[in-house]
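K.L.:
Next comes model.tsv, TSV, C-alpha atoms:
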chain	number	residue	atom	x	y	z
P	8	MET	CA	29.22	-20.82	3.57
P	9	ASN	CA	30.66	-19.17	6.65
P	10	CYS	CA	28.67	-17.89	9.61
P	11	ARG	CA	29.12	-14.25	8.68
P	12	HIS	CA	27.57	-14.78	5.27
P	13	CYS	CA	24.87	-17.04	6.66
P	14	GLN	CA	23.79	-14.58	9.34
P	15	ALA	CA	23.61	-11.79	6.79
P	16	LEU	CA	21.04	-13.85	4.91
P	17	LEU	CA	18.86	-14.95	7.81
P	18	SER	CA	16.49	-12.00	7.60
P	19	PRO	CA	15.91	-12.41	3.83
P	20	LEU	CA	15.47	-16.14	4.39
P	21	ARG	CA	12.91	-15.51	7.09
P	22	ASP	CA	10.88	-13.29	4.77
P	23	GLY	CA	11.04	-15.74	1.88
P	24	ASP	CA	13.29	-13.49	-0.17
P	25	LEU	CA	15.89	-16.19	-0.69
P	26	VAL	CA	15.23	-18.91	-3.21
P	27	GLY	CA	16.91	-21.90	-4.78
P	28	SER	CA	20.37	-23.02	-3.87
P	29	GLU	CA	21.15	-20.00	-1.72
P	30	ALA	CA	18.13	-20.64	0.50
P	31	ALA	CA	19.04	-24.32	0.72
P	32	GLU	CA	22.62	-23.51	1.62
P	33	VAL	CA	21.61	-21.12	4.42
P	34	THR	CA	19.03	-23.55	5.75
P	35	SER	CA	21.55	-26.35	5.73
P	36	HIS	CA	24.16	-24.25	7.51
P	37	VAL	CA	21.72	-23.11	10.19
P	38	GLY	CA	20.71	-26.71	10.75
P	39	SER	CA	24.26	-27.68	11.59
P	40	CYS	CA	25.53	-24.52	13.29
P	41	ALA	CA	24.38	-23.76	16.82
P	42	GLY	CA	25.63	-20.15	16.68
P	43	CYS	CA	23.72	-19.32	13.52
P	44	GLY	CA	20.72	-21.21	14.83
P	45	ARG	CA	20.75	-19.01	17.88
P	46	VAL	CA	20.95	-15.86	15.78
P	47	ARG	CA	18.01	-17.09	13.73
P	48	ASP	CA	16.02	-17.73	16.93
P	49	GLU	CA	16.83	-14.27	18.23
P	50	LEU	CA	15.72	-12.75	14.98
P	51	ASP	CA	12.47	-14.70	15.13
P	52	ARG	CA	11.84	-13.60	18.69
P	53	MET	CA	12.57	-10.00	17.85
P	54	VAL	CA	10.21	-9.94	14.86
P	55	ALA	CA	7.50	-11.75	16.81
P	56	ALA	CA	7.83	-9.29	19.67
P	57	ALA	CA	7.61	-6.36	17.23
P	58	ALA	CA	4.43	-7.77	15.75
P	59	SER	CA	2.94	-8.06	19.23
P	60	LEU	CA	3.52	-4.44	20.20
P	61	ALA	CA	0.28	-2.69	21.03
P	62	SER	CA	-0.54	0.35	18.92
P	63	PRO	CA	-0.51	3.66	20.77
P	64	ALA	CA	-4.08	4.86	21.09
P	65	PRO	CA	-5.05	8.26	19.69
P	66	PRO	CA	-6.86	10.58	22.09
P	67	ASP	CA	-10.64	10.62	21.88
P	68	ALA	CA	-10.75	14.34	21.18
P	69	LEU	CA	-8.47	14.13	18.16
P	70	TRP	CA	-11.22	14.39	15.56
P	71	ALA	CA	-12.77	17.39	17.30
P	72	ARG	CA	-9.41	19.14	17.17
P	73	ILE	CA	-8.96	18.35	13.50
P	74	GLU	CA	-12.47	19.51	12.71
P	75	ALA	CA	-11.86	22.75	14.54
P	76	ARG	CA	-8.84	23.43	12.32
P	77	LEU	CA	-10.60	22.69	9.04
P	78	ASP	CA	-11.19	25.66	6.78
P	79	PRO	CA	-14.88	26.42	6.28
P	80	PRO	CA	-14.75	25.50	2.57
P	81	VAL	CA	-13.27	22.15	3.52
P	82	ARG	CA	-15.59	21.51	6.42
P	83	ARG	CA	-18.69	22.23	4.36
P	84	PRO	CA	-17.48	21.23	0.99
P	85	SER	CA	-19.38	20.89	-2.11
P	86	GLY	CA	-22.88	19.66	-1.39
P	87	LEU	CA	-25.07	22.64	-2.06
P	88	ARG	CA	-22.57	24.41	-4.29
P	89	ALA	CA	-22.13	21.34	-6.44
P	90	LEU	CA	-25.88	21.03	-6.85
P	91	LEU	CA	-26.24	24.63	-7.84
P	92	THR	CA	-23.58	24.39	-10.55
P	93	MET	CA	-25.50	21.65	-12.38
P	94	PRO	CA	-27.57	23.28	-15.11
P	95	ARG	CA	-30.41	20.79	-14.80
P	96	LEU	CA	-30.84	21.61	-11.12
P	97	ARG	CA	-30.19	25.33	-11.04
P	98	TRP	CA	-33.80	26.11	-10.42
P	99	LEU	CA	-33.37	24.59	-6.97
P	100	VAL	CA	-31.64	27.77	-5.82
P	101	PRO	CA	-34.63	29.34	-4.07
P	102	SER	CA	-35.36	26.18	-2.07
P	103	LEU	CA	-31.78	25.70	-1.03
P	104	ALA	CA	-31.38	29.32	-0.12
P	105	ALA	CA	-34.42	28.87	2.09
P	106	VAL	CA	-32.72	25.95	3.77
P	107	SER	CA	-29.66	28.03	4.55
P	108	LEU	CA	-31.82	30.84	5.89
P	109	ALA	CA	-33.79	28.39	7.99
P	110	ALA	CA	-30.60	27.02	9.49
P	111	VAL	CA	-29.41	30.50	10.43
P	112	VAL	CA	-32.73	31.45	11.93
P	113	ALA	CA	-32.95	28.17	13.82
P	114	GLY	CA	-29.46	28.75	15.21
P	115	LEU	CA	-30.37	32.23	16.41
P	116	ALA	CA	-33.56	31.00	17.95
P	117	ALA	CA	-31.78	28.16	19.71
P	118	ARG	CA	-29.34	30.63	21.19
P	119	ALA	CA	-32.20	32.75	22.45
P	120	LEU	CA	-33.90	29.75	24.01
P	121	ARG	CA	-30.93	28.23	25.76
P	122	PRO	CA	-31.14	28.74	28.64
P	123	PRO	CA	-34.71	29.97	28.72
P	124	ALA	CA	-35.22	32.85	31.06
P	125	PRO	CA	-38.53	32.21	32.85
P	126	SER	CA	-38.93	35.86	33.65
P	127	ASP	CA	-38.33	36.97	30.10
P	128	ASP	CA	-41.52	36.00	28.29
P	129	VAL	CA	-40.79	38.37	25.46
P	130	LEU	CA	-37.53	36.66	24.64
P	131	LEU	CA	-39.17	33.25	24.78
P	132	ARG	CA	-42.02	34.26	22.49
P	133	ASP	CA	-39.57	35.81	20.08
P	134	ALA	CA	-37.48	32.64	19.99
P	135	GLN	CA	-40.54	30.52	19.39
P	136	ALA	CA	-41.58	32.79	16.56
P	137	GLN	CA	-38.15	32.38	15.01
P	138	PHE	CA	-38.43	28.62	15.32
P	139	GLY	CA	-41.76	28.78	13.58
P	140	GLN	CA	-40.26	30.83	10.80
P	141	ALA	CA	-37.31	28.47	10.45
P	142	GLU	CA	-39.61	25.49	10.37
P	143	GLU	CA	-41.62	27.03	7.56
P	144	HIS	CA	-38.46	27.46	5.51
P	145	TYR	CA	-37.41	23.90	6.18
P	146	LEU	CA	-40.82	22.52	5.29
P	147	GLN	CA	-40.96	24.51	2.08
P	148	ALA	CA	-37.48	23.37	1.08
P	149	ILE	CA	-38.28	19.75	1.90
P	150	ALA	CA	-41.51	19.89	-0.07
P	151	ASP	CA	-39.69	21.31	-3.13
P	152	LEU	CA	-36.85	18.83	-2.90
P	153	ARG	CA	-39.23	15.93	-2.44
P	154	VAL	CA	-40.96	16.79	-5.71
P	155	ILE	CA	-37.67	17.08	-7.59
P	156	ALA	CA	-36.31	13.88	-6.11
P	157	ALA	CA	-39.51	12.04	-6.99
P	158	ARG	CA	-39.09	13.16	-10.58
P	159	GLU	CA	-35.45	12.10	-10.69
P	160	ARG	CA	-36.20	8.84	-8.92
P	161	ASP	CA	-37.82	7.36	-12.02
P	162	ARG	CA	-34.46	7.45	-13.75
P	163	TRP	CA	-32.61	5.56	-11.01
P	164	PRO	CA	-31.85	1.85	-11.04
P	165	GLU	CA	-34.19	-0.39	-9.10
P	166	ALA	CA	-31.80	-1.02	-6.22
P	167	ARG	CA	-31.11	2.66	-5.67
P	168	ARG	CA	-34.81	3.47	-5.79
P	169	ALA	CA	-35.48	0.86	-3.14
P	170	ALA	CA	-32.70	2.14	-0.89
P	171	TYR	CA	-33.90	5.71	-1.33
P	172	ASP	CA	-37.51	4.78	-0.53
P	173	GLN	CA	-36.44	2.91	2.55
P	174	SER	CA	-34.26	5.74	3.84
P	175	LEU	CA	-36.89	8.36	3.15
P	176	ALA	CA	-39.60	6.36	4.90
P	177	ALA	CA	-37.40	5.93	7.97
P	178	LEU	CA	-36.53	9.63	8.02
P	179	ASP	CA	-40.19	10.60	7.59
P	180	ARG	CA	-41.17	8.46	10.54
P	181	THR	CA	-38.47	9.94	12.77
P	182	LEU	CA	-39.28	13.43	11.61
P	183	LEU	CA	-42.94	13.04	12.54
P	184	GLN	CA	-42.03	11.83	16.02
P	185	HIS	CA	-39.63	14.73	16.53
P	186	ARG	CA	-42.19	17.16	15.19
P	187	ASP	CA	-44.86	15.95	17.60
P	188	LEU	CA	-42.43	16.23	20.47
P	189	ALA	CA	-41.21	19.70	19.48
P	190	HIS	CA	-44.73	21.00	19.10
P	191	ALA	CA	-45.72	19.50	22.43
P	192	ARG	CA	-42.75	21.24	24.10
P	193	PRO	CA	-42.38	24.60	22.37
P	194	ALA	CA	-40.00	25.94	25.03
P	195	ASP	CA	-37.70	22.94	25.01
P	196	PRO	CA	-34.57	23.77	22.99
P	197	ASP	CA	-33.49	20.12	22.84
P	198	ALA	CA	-36.78	19.11	21.24
P	199	GLN	CA	-36.49	21.96	18.72
P	200	GLU	CA	-32.91	21.10	17.84
P	201	GLN	CA	-33.86	17.45	17.44
P	202	LEU	CA	-36.60	18.44	15.01
P	203	PHE	CA	-34.33	20.66	12.96
P	204	GLY	CA	-31.76	17.88	12.94
P	205	SER	CA	-34.39	15.64	11.35
P	206	TYR	CA	-35.18	18.30	8.76
P	207	ARG	CA	-31.51	18.63	7.92
P	208	ARG	CA	-31.05	14.87	7.61
P	209	GLU	CA	-33.97	14.64	5.21
P	210	ILE	CA	-32.63	17.52	3.16
P	211	ALA	CA	-29.23	15.81	3.12
P	212	LEU	CA	-30.86	12.66	1.74
P	213	PHE	CA	-32.48	14.61	-1.10
P	214	GLN	CA	-29.28	16.48	-1.74
P	215	GLU	CA	-27.14	13.35	-1.85
P	216	SER	CA	-29.62	11.51	-4.06
P	217	LEU	CA	-29.84	14.39	-6.49
P	218	LEU	CA	-26.08	14.78	-6.59
P	219	ARG	CA	-25.65	11.12	-7.43
P	220	SER	CA	-28.32	11.37	-10.03
P	221	ALA	CA	-26.68	14.40	-11.61
P	222	ALA	CA	-23.24	12.80	-11.48
P	223	VAL	CA	-24.48	9.79	-13.43
P	224	ASP	CA	-26.43	11.82	-15.95
P	225	PRO	CA	-25.49	15.50	-15.78
W	20	MET	CA	-14.19	13.12	5.87
W	21	HIS	CA	-15.08	11.72	9.23
W	22	ALA	CA	-15.40	8.29	7.64
W	23	VAL	CA	-11.90	8.61	6.20
W	24	TYR	CA	-10.63	9.67	9.58
W	25	GLN	CA	-12.39	6.81	11.34
W	26	ARG	CA	-10.90	4.29	9.00
W	27	TYR	CA	-7.31	5.43	9.02
W	28	HIS	CA	-6.62	7.52	12.08
W	29	ARG	CA	-5.40	4.71	14.32
W	30	ARG	CA	-2.66	3.66	11.98
W	31	VAL	CA	-1.73	7.23	11.07
W	32	PHE	CA	-1.44	8.04	14.76
W	33	ALA	CA	0.54	4.87	15.45
W	34	LEU	CA	2.98	5.57	12.61
W	35	THR	CA	3.65	9.12	13.71
W	36	ALA	CA	3.92	8.08	17.36
W	37	ARG	CA	6.44	5.36	16.66
W	38	ILE	CA	8.54	7.31	14.20
W	39	ALA	CA	8.46	10.79	15.71
W	40	GLY	CA	7.54	10.06	19.30
W	41	ALA	CA	4.32	9.89	21.27
W	42	GLN	CA	4.52	13.55	22.26
W	43	GLU	CA	4.45	14.66	18.64
W	44	ALA	CA	1.91	12.17	17.33
W	45	GLU	CA	-1.24	14.13	17.95
W	46	GLU	CA	-0.05	17.30	16.27
W	47	LEU	CA	1.39	15.35	13.35
W	48	THR	CA	-1.79	13.33	12.93
W	49	GLN	CA	-3.82	16.52	12.83
W	50	ASP	CA	-1.48	17.94	10.19
W	51	VAL	CA	-1.71	14.77	8.11
W	52	PHE	CA	-5.50	14.75	8.02
W	53	LEU	CA	-5.78	18.47	7.41
W	54	LYS	CA	-3.39	18.18	4.49
W	55	ALA	CA	-5.25	15.14	3.20
W	56	PHE	CA	-8.70	16.71	3.43
W	57	ARG	CA	-7.54	19.76	1.54
W	58	ALA	CA	-6.46	17.56	-1.34
W	59	LEU	CA	-8.90	14.68	-1.01
W	60	ASP	CA	-10.43	15.16	-4.43
W	61	LYS	CA	-7.20	13.93	-6.01
W	62	PHE	CA	-7.81	10.39	-4.88
W	63	ARG	CA	-9.81	7.52	-6.25
W	64	GLY	CA	-10.00	4.18	-4.54
W	65	ASP	CA	-9.55	3.17	-0.96
W	66	ALA	CA	-6.24	1.36	-1.25
W	67	LEU	CA	-4.57	4.34	-2.80
W	68	LEU	CA	-6.09	6.63	-0.22
W	69	GLY	CA	-4.72	4.55	2.63
W	70	THR	CA	-1.28	4.32	1.12
W	71	TRP	CA	-1.29	8.04	0.44
W	72	LEU	CA	-2.30	8.84	4.01
W	73	TYR	CA	0.43	6.60	5.40
W	74	ARG	CA	2.90	8.26	3.10
W	75	LEU	CA	1.86	11.66	4.41
W	76	ALA	CA	2.16	10.34	7.94
W	77	VAL	CA	5.61	8.83	7.48
W	78	ASN	CA	6.90	11.90	5.65
W	79	ALA	CA	5.53	14.21	8.32
W	80	ALA	CA	7.11	12.11	11.05
W	81	LEU	CA	10.47	11.82	9.31
W	82	SER	CA	10.51	15.55	8.55
W	83	HIS	CA	9.75	16.27	12.16
W	84	VAL	CA	12.58	14.03	13.30
W	85	SER	CA	15.06	15.62	10.92
W	86	ARG	CA	13.93	19.13	11.89
W	87	SER	CA	14.08	18.45	15.54
W	88	ARG	CA	17.30	19.80	16.98
W	89	ASP	CA	16.93	18.16	20.30
W	90	ARG	CA	16.43	14.71	18.98
W	91	ARG	CA	15.49	12.53	21.82
W	92	LYS	CA	18.25	10.03	22.10
W	93	VAL	CA	17.66	7.07	24.28
W	94	PRO	CA	20.83	6.68	26.26
W	95	GLU	CA	22.25	3.24	26.63
W	96	GLU	CA	21.37	3.40	30.32
W	97	VAL	CA	17.70	3.46	29.44
W	98	LEU	CA	18.02	0.21	27.56
W	99	GLU	CA	20.04	-1.21	30.40
W	100	SER	CA	17.50	-0.08	32.95
W	101	VAL	CA	14.85	-2.29	31.41
W	102	PRO	CA	15.70	-5.73	32.70
W	103	ALA	CA	16.21	-8.55	30.27
W	104	PRO	CA	13.56	-11.25	30.34
W	105	PRO	CA	14.50	-14.25	32.46
W	106	HIS	CA	14.19	-16.84	29.76
W	107	PRO	CA	13.95	-16.58	26.00
W	108	SER	CA	11.01	-18.93	25.81
W	109	ALA	CA	8.97	-16.24	27.51
W	110	VAL	CA	10.21	-13.50	25.22
W	111	ASP	CA	7.14	-13.04	23.03
W	112	GLY	CA	4.79	-12.78	25.96
W	113	ASP	CA	7.11	-10.88	28.25
W	114	PRO	CA	6.29	-7.17	28.52
W	115	ARG	CA	9.94	-6.43	29.30
W	116	ILE	CA	11.10	-7.42	25.85
W	117	ARG	CA	8.46	-5.15	24.41
W	118	GLU	CA	9.65	-2.31	26.60
W	119	ARG	CA	13.21	-2.89	25.43
W	120	LEU	CA	12.00	-3.13	21.88
W	121	GLU	CA	10.23	0.23	22.20
W	122	ALA	CA	13.37	1.75	23.67
W	123	ALA	CA	15.57	0.22	20.98
W	124	LEU	CA	13.20	1.49	18.30
W	125	ARG	CA	13.75	5.02	19.51
W	126	GLU	CA	17.48	4.44	19.24
W	127	LEU	CA	17.35	3.41	15.61
W	128	PRO	CA	18.02	5.92	12.85
W	129	ALA	CA	14.64	7.31	11.73
W	130	GLY	CA	14.75	5.65	8.29
W	131	TYR	CA	15.37	2.24	9.81
W	132	ARG	CA	12.71	2.91	12.39
W	133	ALA	CA	10.19	3.74	9.68
W	134	VAL	CA	10.71	0.53	7.74
W	135	ILE	CA	10.58	-1.66	10.85
W	136	VAL	CA	7.42	0.08	12.01
W	137	LEU	CA	5.77	-0.30	8.63
W	138	HIS	CA	6.75	-3.94	8.07
W	139	ASP	CA	7.28	-5.70	11.36
W	140	ILE	CA	4.91	-3.72	13.56
W	141	GLU	CA	2.16	-2.55	11.23
W	142	GLY	CA	2.44	-5.59	8.97
W	143	LEU	CA	2.46	-3.81	5.61
W	144	GLN	CA	3.86	-5.50	2.51
W	145	HIS	CA	6.98	-4.26	0.78
W	146	GLU	CA	4.99	-3.18	-2.28
W	147	GLU	CA	3.02	-0.74	-0.16
W	148	ILE	CA	6.03	0.27	1.93
W	149	ALA	CA	7.93	1.12	-1.25
W	150	GLU	CA	4.99	3.33	-2.30
W	151	ILE	CA	4.92	4.99	1.08
W	152	LEU	CA	8.64	5.58	1.28
W	153	GLY	CA	8.97	6.45	-2.39
W	154	CYS	CA	11.60	3.84	-3.05
W	155	ARG	CA	11.98	0.53	-4.88
W	156	ILE	CA	10.72	-2.70	-3.39
W	157	GLY	CA	14.26	-4.04	-3.25
W	158	THR	CA	15.39	-0.98	-1.34
W	159	SER	CA	12.57	-1.45	1.14
W	160	LYS	CA	13.63	-5.04	1.70
W	161	SER	CA	17.32	-4.29	2.09
W	162	GLN	CA	16.54	-1.41	4.47
W	163	LEU	CA	14.41	-3.74	6.56
W	164	HIS	CA	17.16	-6.34	6.83
W	165	LYS	CA	19.69	-3.70	7.83
W	166	ALA	CA	17.25	-2.19	10.31
W	167	ARG	CA	16.62	-5.58	11.91
W	168	ALA	CA	20.34	-6.14	12.18
W	169	LYS	CA	20.80	-2.83	13.92
W	170	MET	CA	17.85	-3.54	16.16
W	171	ARG	CA	19.16	-6.94	17.09
W	172	GLY	CA	22.43	-5.31	17.99
W	173	LEU	CA	20.62	-2.98	20.36
W	174	LEU	CA	18.57	-5.80	21.82
W	175	GLY	CA	21.28	-8.44	21.86
W	176	PRO	CA	21.44	-9.18	25.58
W	177	ALA	CA	17.66	-9.11	25.93
W	178	LEU	CA	17.18	-11.52	23.09
W	179	ALA	CA	19.94	-13.84	24.26
W	180	GLY	CA	18.67	-13.81	27.83
W	181	GLU	CA	20.06	-16.63	29.89
W	182	ARG	CA	19.86	-19.01	27.04
W	183	SER	CA	22.30	-21.84	26.63
W	184	ASP	CA	22.45	-23.66	23.37
W	185	GLY	CA	21.77	-27.00	24.91
W	186	ASN	CA	25.26	-28.36	24.52
W	187	GLY	CA	26.84	-26.19	27.10
W	188	ASN	CA	29.02	-23.88	25.05
W	189	GLY	CA	26.64	-21.62	23.19
W	190	ASN	CA	29.15	-21.23	20.42
W	191	GLY	CA	28.53	-24.20	18.25
W	192	ASN	CA	29.15	-23.58	14.60
W	193	GLY	CA	29.55	-25.38	11.38
W	194	ASN	CA	32.88	-24.08	10.31
W	195	GLY	CA	34.82	-23.11	13.31
W	196	ASN	CA	34.02	-19.40	13.39
W	197	GLY	CA	30.59	-19.56	14.88
W	198	ASP	CA	31.13	-17.03	17.63
W	199	ARG	CA	28.10	-14.86	18.08
W	200	ARG	CA	28.66	-12.01	15.72
W	201	GLY	CA	27.35	-8.52	15.87
W	202	ALA	CA	23.88	-7.96	14.60
W	203	SER	CA	25.24	-5.86	11.79
W	204	GLU	CA	26.07	-9.07	10.05
W	205	LEU	CA	22.49	-10.22	9.89
Before we go any further, please render this structure as structure tokens.
P.N.:
Amino acid sequence: MNCRHCQALLSPLRDGDLVGSEAAEVTSHVGSCAGCGRVRDELDRMVAAAASLASPAPPDALWARIEARLDPPVRRPSGLRALLTMPRLRWLVPSLAAVSLAAVVAGLAARALRPPAPSDDVLLRDAQAQFGQAEEHYLQAIADLRVIAARERDRWPEARRAAYDQSLAALDRTLLQHRDLAHARPADPDAQEQLFGSYRREIALFQESLLRSAAVDP
Amino acid sequence: MHAVYQRYHRRVFALTARIAGAQEAEELTQDVFLKAFRALDKFRGDALLGTWLYRLAVNAALSHVSRSRDRRKVPEEVLESVPAPPHPSAVDGDPRIRERLEAALRELPAGYRAVIVLHDIEGLQHEEIAEILGCRIGTSKSQLHKARAKMRGLLGPALAGERSDGNGNGNGNGNGNGDRRGASEL
């Protein structure tokens, strides 16, 4: 084996792609040839250095930019729509429509409240009334979904039931805390948004659980 | 979707940055994830999803490179301006070799760059690289060996450093033609 041939096979040898007599021949040649040994060392150093290169870091705001470019149907994909297309769950439509309405009303009210104008009592009262209305919608939707989920729950495997119970209990606890806070500070938009966030998370739990249930047994 | 992004965005960004350039990486990464999210329902299983995303990333980067009219060539002077490390034993830990490696990477043809990035930098296996590049495993391997040879040619002086072979001539060989050959023979 000459050096030219040997050096052409050093990279395959390094990666374990050479076997049998060819591998033995290259190894033997490198062991006795300082030039080829040096080429092998250089190759090793180069590959080691490549492996040690630090990855370029993506900017922190990258996800926000991607999210901003997502089409609405992609950003809010199938959750509610998927539920509504399942025959067994179609009668959920009124509750889920109420949820959507509540979200819109809550959004409008939040806009009216932030920043609150101390001199504009009318605006403040109006916003609080809208929050109250939104909360009613949320509570009604949650009550309906809770009943449906409780009915479906009996059909779930033990482990899923336990996980669901645990998640729901944790969300209920948080929701109560946020509700107390929001009611104690009716003019505080952060407290109101926190409360509605809790409502939405609980609704999302019901929605996800029901979707899974329907996917297993449509 | 955010979970998918969280899991894969670093590597997608790194692939696009290394293949197409750091300036282009953010835009390309956005395009990759937007394209992926719009077709996400086609995929089942995490491994396939990752491979598919990397394939989108590599294709986007390679397309960008081939479209780009003002391909950023790294002139030889840039490589020369990064000093060679003083001694080869320090090569792996020496930031200068990494700087030269980055510069040499940009000099490589994009296809070679892609396979070196995927295998030697990102540590993917040839099976997955072949999936990503849409080629056979054997082709992935042979491309890697050629890419390394080209890379070694670009890095030659940096890798050789001030090394002597220990017997004073640096040209020892087993058959009388052991002069240090071009990296293309690797």
K.L.:
Compute the chain P side of the contact with chain W at 6 Å, counting all atoms listed in the file, and hand it back as a PyMOL selection string.
P.N.:
chain P and resi 10+14-15+18+39-42+49+56-58+62-63+73
K.L.:
Hey, can you check how far atom CA of P:Val33 sits from atom CA of P:Arg11?
P.N.:
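Rounded to one decimal, the two atoms are 11.0 Å apart.
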K.L.:
Which residues, written as a ChimeraX atom specification, have at least one atom at most 12 Å from W:Val84, with only C-alpha atoms counted and residues fewer than 5 positions away on the same chain left out?
P.N.:
/W:35-40,43-44,47,77-79,89-92,125,127-130,132-133
K.L.:
Record the distance separating atom CA of P:Asp197 and atom CA of P:Arg76, expressed in Å with one decimal.
P.N.:
27.0 Å
K.L.:
What separation in Å, quoted to one decimal, exists between atom CA of P:Pro193 and atom CA of P:Phe213?
P.N.:
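One can read the atom CA of P:Pro193 to atom CA of P:Phe213 distance as 27.4 Å.
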